[in-house]
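Read through the structure below, which is laid out as structure tokens, and then see the notes.
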Amino acid sequence: MRKTFFLLLFTLAVVSASAQQDTLKYRISLTDKAATAFSLEHPEAFLSEKAIERRRKQHLPIDSTDLPVCRKYIDEIRRQGVNIVVTGKWENFVTVSCNDSSLIDRIAALPFVRTAEKVWMAPEGDGPMMSTHRDSLINRPTMYPDSVYGLAINQIQLSNGDKLHREGFKGQGMTIAVIDAGFHNADKITAMQNIRVLGTKDFVNPQADIFAESSHGMMVLSCIGMNRPGIMTGTAPEASFWLLRSEDEYSEHLVEQDYWAAAVEFADSVGADVLNTSLGYYTFDDKSKDYKFRDLNGRHALMSRQASRVADKGMVLVCSAGNSGMGSWKKITPPGDADNVLTVGAIDKEGVLVPFSSIGNTADHRIKPDIVAVGLGADVIRTDGNQGKANGTSFSSPIMCGMVTCLWQACPELTAKEVIELVRRSGDRTDYPDNIYGYGVPDMWKAYKSHKQ
């Protein structure tokens, strides 16, 4: 009996310890990669074959930003008593979690540490940290036999993406990474079963079920990947997808940008060609971290700096402009201020700007948004498996992302930066861009034909 009592106490202690969650997270920015065990002469040791081939094809250099964060530095940081959450090699940082802020003082004193910034603290109360509930499925979508696109025909016709489809360019052979908040029921919805999902990864909480979390990413995915003629066809129905979660809907802190940066690097490593992110940040639970207009220069926010490197790695990033047009902020939200990305504002199906669509320009006077697409009454799949409508630049971004993917499939000799420029030049306001529509509504058929001439 004494032995049984001891085992019971031991079990309770283990359960209690495992239940205790870290309440603080910090971003540790490092000074260098001097202790690296890798060499730029042998990139195959730290980059995937697909990532190397993408850089080679576009004549892009492999440089020190591609080197992993030094293992020696990571191990020394861990020895201070913290847990490693994610690392970011392009911006050279390590994100850690702990319950004792004094540990961070010790880490900040290490010779290879540049700065240490608190990026998350646990919300007060006993609110949920992940979702376990699933919405009920109906799976009886309406059939529209007169159109392969169903009701989604207008959101692709506006940019003549359907003409690319008729030429056979539907995204086949292209890989899209969707970085979002969760993909609720996407694995159970009958109409989504033939979307080519290569894999998933959750950077917020690896123990969570990415298909039980937010419905936001699922609706975003449906705009691009649906391939059910008569029900709904998305803008790149034959592409392949990685589904990545970086948005934590249970709080709003800088750490979500750390997750996002890690997701972007993961997308690079698995060979993604195009990234869609319908996320943006300018205000946080810690109000001292809120952004100001002067911060919209593509260099202040971590995710803006990260986004500005994406094209340098040979990928195209398409992102939402934000939905603050009717509020006091009004402006685009990072990473929409990044350089060499396609930031997408929202219009209705008549081509008229939607009032909530965030406006530009950037603080350093670059044109933003870059382009616009349908973001009012956008056709999506709902969590019950049937069709529905949704509003937001969250949907104008993936609608455009799929068409950009098909355009690149049609013009594979282009570099990522050339694709971005070609899309801008095809806009109906390309001769007089502004801070509301940007370069306007792109004409994907015009872009394709002008390049092939």
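Chain identifiers are assigned as A, B, and so on, following the order in which chains appear in the structure tokens; residues are numbered from 1 within each chain, and ligands are numbered from 1 in order of appearance.
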With stretch 376-383 of chain A as the partner and 7 Å as the cut-off, tabulate the residues of stretch 197-245 of chain A that qualify, each row holding the nearest pair of atoms and their distance in Å to one decimal, using only C-alpha atoms, sorted by chain and rising number, as CSV.
```
residue,atom,partner,partner_atom,distance
A:Ser215,CA,A:Thr383,CA,6.5
A:Met219,CA,A:Val380,CA,5.5
A:Ser222,CA,A:Val380,CA,5.8
A:Cys223,CA,A:Val380,CA,5.8
```
Save out the residues we just selected, N, CA, C and O atoms, as a tab-separated table (two decimals), in the first residue's frame.
```
chain	number	residue	atom	x	y	z
A	215	SER	N	-11.78	28.72	-38.58
A	215	SER	CA	-12.31	28.47	-39.93
A	215	SER	C	-11.69	29.40	-40.97
A	215	SER	O	-11.88	29.20	-42.18
A	219	MET	N	-11.56	28.79	-45.20
A	219	MET	CA	-12.24	29.59	-46.22
A	219	MET	C	-11.24	30.19	-47.21
A	219	MET	O	-11.50	30.26	-48.41
A	222	SER	N	-10.27	27.55	-49.62
A	222	SER	CA	-11.32	27.24	-50.59
A	222	SER	C	-11.29	28.20	-51.77
A	222	SER	O	-11.60	27.80	-52.90
A	223	CYS	N	-10.92	29.46	-51.54
A	223	CYS	CA	-10.85	30.43	-52.64
A	223	CYS	C	-9.84	30.03	-53.70
A	223	CYS	O	-10.00	30.34	-54.88
```
Could you make a table, as a Markdown table, of the residues of stretch 206-318 of chain A that have an atom within 10 Å of an atom of stretch 95-108 of chain A, each with its nearest atom pair and distance in Å to one decimal, counting only C-alpha atoms, in chain and number order?
```
| residue | atom | partner | partner_atom | distance |
| --- | --- | --- | --- | --- |
| A:Val255 | CA | A:Thr95 | CA | 8.1 |
| A:Asp258 | CA | A:Thr95 | CA | 7.2 |
| A:Tyr259 | CA | A:Thr95 | CA | 9.0 |
```
Identify, on the basis of only C-alpha atoms, every residue whose closest approach to A:Asp63 does not exceed 10 Å; exclude the query and any residue fewer than 4 positions from it along the same chain; express the result as a ChimeraX atom specification.
/A:39-41,43,67,90
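Here the question is which of A:Leu110, A:Asp428, A:Lys57, A:Ala45 gets nearest to A:Arg79 using only C-alpha atoms, and that residue is A:Leu110.
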Per DSSP on the backbone, what are the helix (DSSP H, G or I) residues of stretch 17-114 of chain A, as number ranges by chain?
A: 17-19, 43-45, 49-57, 64-66, 71-78, 102-108
Name the residues in contact with stretch 261-278 of chain A at a cut-off of 7 Å, using only C-alpha atoms, excluding same-chain residues fewer than 2 positions from it; report them as a ChimeraX atom specification.
/A:47-48,50-51,86-88,174-180,203,244,246,257-259,280,303,306,315-320,394,397-398,401,405
Take the residues just selected and output them with N, CA and C atoms as a short mmCIF file (atom, residue, chain, number, x, y, z; two decimals), in the first residue's frame.
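Dumped to again00.cif:
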```cif
data_model
loop_
_atom_site.label_atom_id
_atom_site.label_comp_id
_atom_site.auth_asym_id
_atom_site.auth_seq_id
_atom_site.Cartn_x
_atom_site.Cartn_y
_atom_site.Cartn_z
N LEU A 47 19.90 23.31 -46.85
CA LEU A 47 18.76 23.68 -47.69
C LEU A 47 18.26 22.45 -48.43
N SER A 48 16.96 22.39 -48.63
CA SER A 48 16.40 21.27 -49.38
C SER A 48 16.78 21.38 -50.85
N LYS A 50 14.81 21.31 -53.33
CA LYS A 50 13.86 22.21 -54.00
C LYS A 50 14.25 23.67 -53.78
N ALA A 51 14.66 24.01 -52.56
CA ALA A 51 15.05 25.38 -52.26
C ALA A 51 16.31 25.77 -53.04
N VAL A 86 10.60 28.67 -31.38
CA VAL A 86 10.94 28.61 -32.81
C VAL A 86 12.28 29.33 -33.00
N THR A 87 12.87 29.12 -34.16
CA THR A 87 14.06 29.88 -34.55
C THR A 87 13.79 30.50 -35.92
N GLY A 88 14.50 31.59 -36.20
CA GLY A 88 14.38 32.25 -37.50
C GLY A 88 15.76 32.55 -38.04
N MET A 174 2.65 23.50 -59.30
CA MET A 174 2.99 24.62 -58.43
C MET A 174 2.60 24.30 -57.00
N THR A 175 3.39 24.78 -56.05
CA THR A 175 3.12 24.56 -54.62
C THR A 175 2.84 25.88 -53.93
N ILE A 176 1.72 25.93 -53.22
CA ILE A 176 1.30 27.13 -52.50
C ILE A 176 1.30 26.83 -51.01
N ALA A 177 1.93 27.68 -50.22
CA ALA A 177 1.85 27.59 -48.76
C ALA A 177 0.82 28.60 -48.27
N VAL A 178 -0.18 28.13 -47.56
CA VAL A 178 -1.19 29.00 -46.98
C VAL A 178 -0.87 29.14 -45.49
N ILE A 179 -0.47 30.34 -45.09
CA ILE A 179 -0.09 30.61 -43.69
C ILE A 179 -1.25 31.35 -43.05
N ASP A 180 -1.90 30.73 -42.07
CA ASP A 180 -3.16 31.29 -41.59
C ASP A 180 -3.41 30.90 -40.14
N PHE A 203 2.69 26.09 -35.98
CA PHE A 203 3.79 26.77 -35.29
C PHE A 203 3.34 27.42 -34.00
N LEU A 244 -0.22 25.87 -43.10
CA LEU A 244 0.64 26.24 -41.98
C LEU A 244 -0.10 27.21 -41.07
N SER A 246 0.07 30.00 -38.11
CA SER A 246 0.93 30.92 -37.36
C SER A 246 0.12 31.88 -36.50
N GLN A 257 4.30 36.92 -35.01
CA GLN A 257 5.20 37.23 -36.11
C GLN A 257 6.41 36.30 -36.11
N ASP A 258 6.81 35.85 -34.93
CA ASP A 258 7.88 34.85 -34.82
C ASP A 258 7.42 33.53 -35.44
N TYR A 259 6.18 33.13 -35.09
CA TYR A 259 5.62 31.91 -35.69
C TYR A 259 5.56 32.05 -37.21
N GLY A 280 -2.54 40.17 -40.70
CA GLY A 280 -1.90 41.48 -40.59
C GLY A 280 -2.02 41.99 -39.17
N MET A 303 7.77 40.64 -39.26
CA MET A 303 7.20 39.93 -40.40
C MET A 303 7.32 40.73 -41.68
N GLN A 306 10.84 39.99 -42.80
CA GLN A 306 10.85 38.62 -43.31
C GLN A 306 10.18 38.55 -44.68
N MET A 315 10.48 33.09 -54.10
CA MET A 315 9.05 32.83 -53.92
C MET A 315 8.27 34.14 -54.05
N VAL A 316 6.98 34.02 -54.35
CA VAL A 316 6.09 35.18 -54.40
C VAL A 316 5.17 35.14 -53.20
N LEU A 317 5.11 36.25 -52.47
CA LEU A 317 4.20 36.37 -51.34
C LEU A 317 3.03 37.26 -51.73
N VAL A 318 1.82 36.75 -51.55
CA VAL A 318 0.60 37.52 -51.74
C VAL A 318 -0.05 37.67 -50.37
N CYS A 319 -0.38 38.91 -49.98
CA CYS A 319 -0.90 39.14 -48.63
C CYS A 319 -2.05 40.14 -48.66
N SER A 320 -2.86 40.08 -47.63
CA SER A 320 -4.01 40.97 -47.52
C SER A 320 -3.58 42.36 -47.05
N SER A 394 -8.92 39.40 -46.51
CA SER A 394 -8.50 38.01 -46.28
C SER A 394 -8.85 37.12 -47.45
N SER A 397 -7.01 38.38 -51.13
CA SER A 397 -5.63 37.90 -51.25
C SER A 397 -5.56 36.50 -51.85
N PRO A 398 -6.25 35.48 -51.31
CA PRO A 398 -6.15 34.16 -51.93
C PRO A 398 -6.76 34.07 -53.31
N CYS A 401 -4.00 35.24 -55.23
CA CYS A 401 -2.86 34.33 -55.10
C CYS A 401 -2.94 33.18 -56.09
N THR A 405 -0.40 32.33 -59.22
CA THR A 405 0.22 31.01 -59.34
C THR A 405 0.04 30.46 -60.75
#
```
Atom-to-atom span, atom CA of A:Ala191 and atom CA of A:Ile399, Å
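Interatomic distance, atom CA of A:Ala191 to atom CA of A:Ile399: 17.9 Å.
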Please provide the set of residues having any atom within 7 Å of stretch 230-235 of chain A, restricted to only C-alpha atoms, with same-chain residues fewer than 2 positions apart removed, written as a PDB file with C-alpha atoms, in the first residue's frame.
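Okay, this is what ended up in part-v3.pdb:
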```pdb
ATOM      1  CA  PRO A 141     -23.516  22.119 -51.388  1.00  0.00           C
ATOM      2  CA  THR A 142     -25.675  23.495 -54.188  1.00  0.00           C
ATOM      3  CA  MET A 143     -24.882  22.348 -57.741  1.00  0.00           C
ATOM      4  CA  TYR A 144     -24.635  24.915 -60.554  1.00  0.00           C
ATOM      5  CA  PRO A 145     -24.424  22.784 -63.718  1.00  0.00           C
ATOM      6  CA  SER A 147     -20.665  26.852 -64.545  1.00  0.00           C
ATOM      7  CA  VAL A 148     -17.627  24.911 -63.361  1.00  0.00           C
ATOM      8  CA  TYR A 149     -16.967  27.791 -60.960  1.00  0.00           C
ATOM      9  CA  GLY A 150     -20.413  27.823 -59.377  1.00  0.00           C
ATOM     10  CA  ALA A 152     -17.388  31.944 -57.753  1.00  0.00           C
ATOM     11  CA  ILE A 156     -12.032  35.019 -61.215  1.00  0.00           C
ATOM     12  CA  SER A 222     -11.320  27.241 -50.588  1.00  0.00           C
ATOM     13  CA  CYS A 223     -10.853  30.430 -52.636  1.00  0.00           C
ATOM     14  CA  ILE A 224      -7.718  28.967 -54.199  1.00  0.00           C
ATOM     15  CA  GLY A 225      -7.893  25.199 -54.096  1.00  0.00           C
ATOM     16  CA  MET A 226     -11.513  24.151 -54.644  1.00  0.00           C
ATOM     17  CA  ASN A 227     -11.818  21.778 -57.579  1.00  0.00           C
ATOM     18  CA  ARG A 228     -15.460  20.673 -57.710  1.00  0.00           C
ATOM     19  CA  PRO A 237      -7.558  24.240 -58.537  1.00  0.00           C
ATOM     20  CA  ILE A 399      -8.396  34.851 -54.906  1.00  0.00           C
ATOM     21  CA  GLY A 402      -4.275  31.471 -57.143  1.00  0.00           C
ATOM     22  CA  MET A 403      -4.319  33.527 -60.319  1.00  0.00           C
TER      23      MET A 403
END
```
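Within stretch 124-284 of chain A, the backbone-based DSSP assignment of strand (DSSP E or B) covers Gly150, Thr175, Ile176, Ala177, Val178, Ile179, Asp180, Arg196, Val197, Leu198, Gly199, Thr200, Lys201, Asp202, Asn227, Arg228, Met232, Thr233, Ser240, Phe241, Trp242, Leu243, Leu244, Arg245, Val274, Leu275, Asn276 and Thr277 of chain A.
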With stretch 115-134 of chain A as the partner and 10 Å as the cut-off, tabulate the residues of stretch 269-319 of chain A that qualify, each row holding the nearest pair of atoms and their distance in Å to one decimal, using only C-alpha atoms, sorted by chain and rising number, as CSV.
```
residue,atom,partner,partner_atom,distance
A:Asp285,CA,A:Pro123,CA,9.1
A:Asp286,CA,A:Trp120,CA,8.7
A:Lys289,CA,A:Val119,CA,9.1
```
Generate a file of the selected residues that holds N, CA, C and O atoms, formatted as an mmCIF file, in the first residue's frame.
```
data_model
loop_
_atom_site.group_PDB
_atom_site.id
_atom_site.type_symbol
_atom_site.label_atom_id
_atom_site.label_comp_id
_atom_site.auth_asym_id
_atom_site.auth_seq_id
_atom_site.Cartn_x
_atom_site.Cartn_y
_atom_site.Cartn_z
ATOM 1 N N ASP A 285 -2.305 43.206 -27.595
ATOM 2 C CA ASP A 285 -2.797 43.213 -26.223
ATOM 3 C C ASP A 285 -1.915 44.100 -25.332
ATOM 4 O O ASP A 285 -2.399 44.755 -24.417
ATOM 5 N N ASP A 286 -0.629 44.094 -25.608
ATOM 6 C CA ASP A 286 0.300 45.016 -24.948
ATOM 7 C C ASP A 286 0.335 46.292 -25.794
ATOM 8 O O ASP A 286 0.986 46.342 -26.845
ATOM 9 N N LYS A 289 3.204 48.036 -27.708
ATOM 10 C CA LYS A 289 3.758 47.453 -28.926
ATOM 11 C C LYS A 289 3.014 47.905 -30.188
ATOM 12 O O LYS A 289 3.412 47.548 -31.297
#
```
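For the atom pair formed by atom CA of A:Ile367 and atom CA of A:Arg54, the distance is 27.8 Å, given to one decimal.
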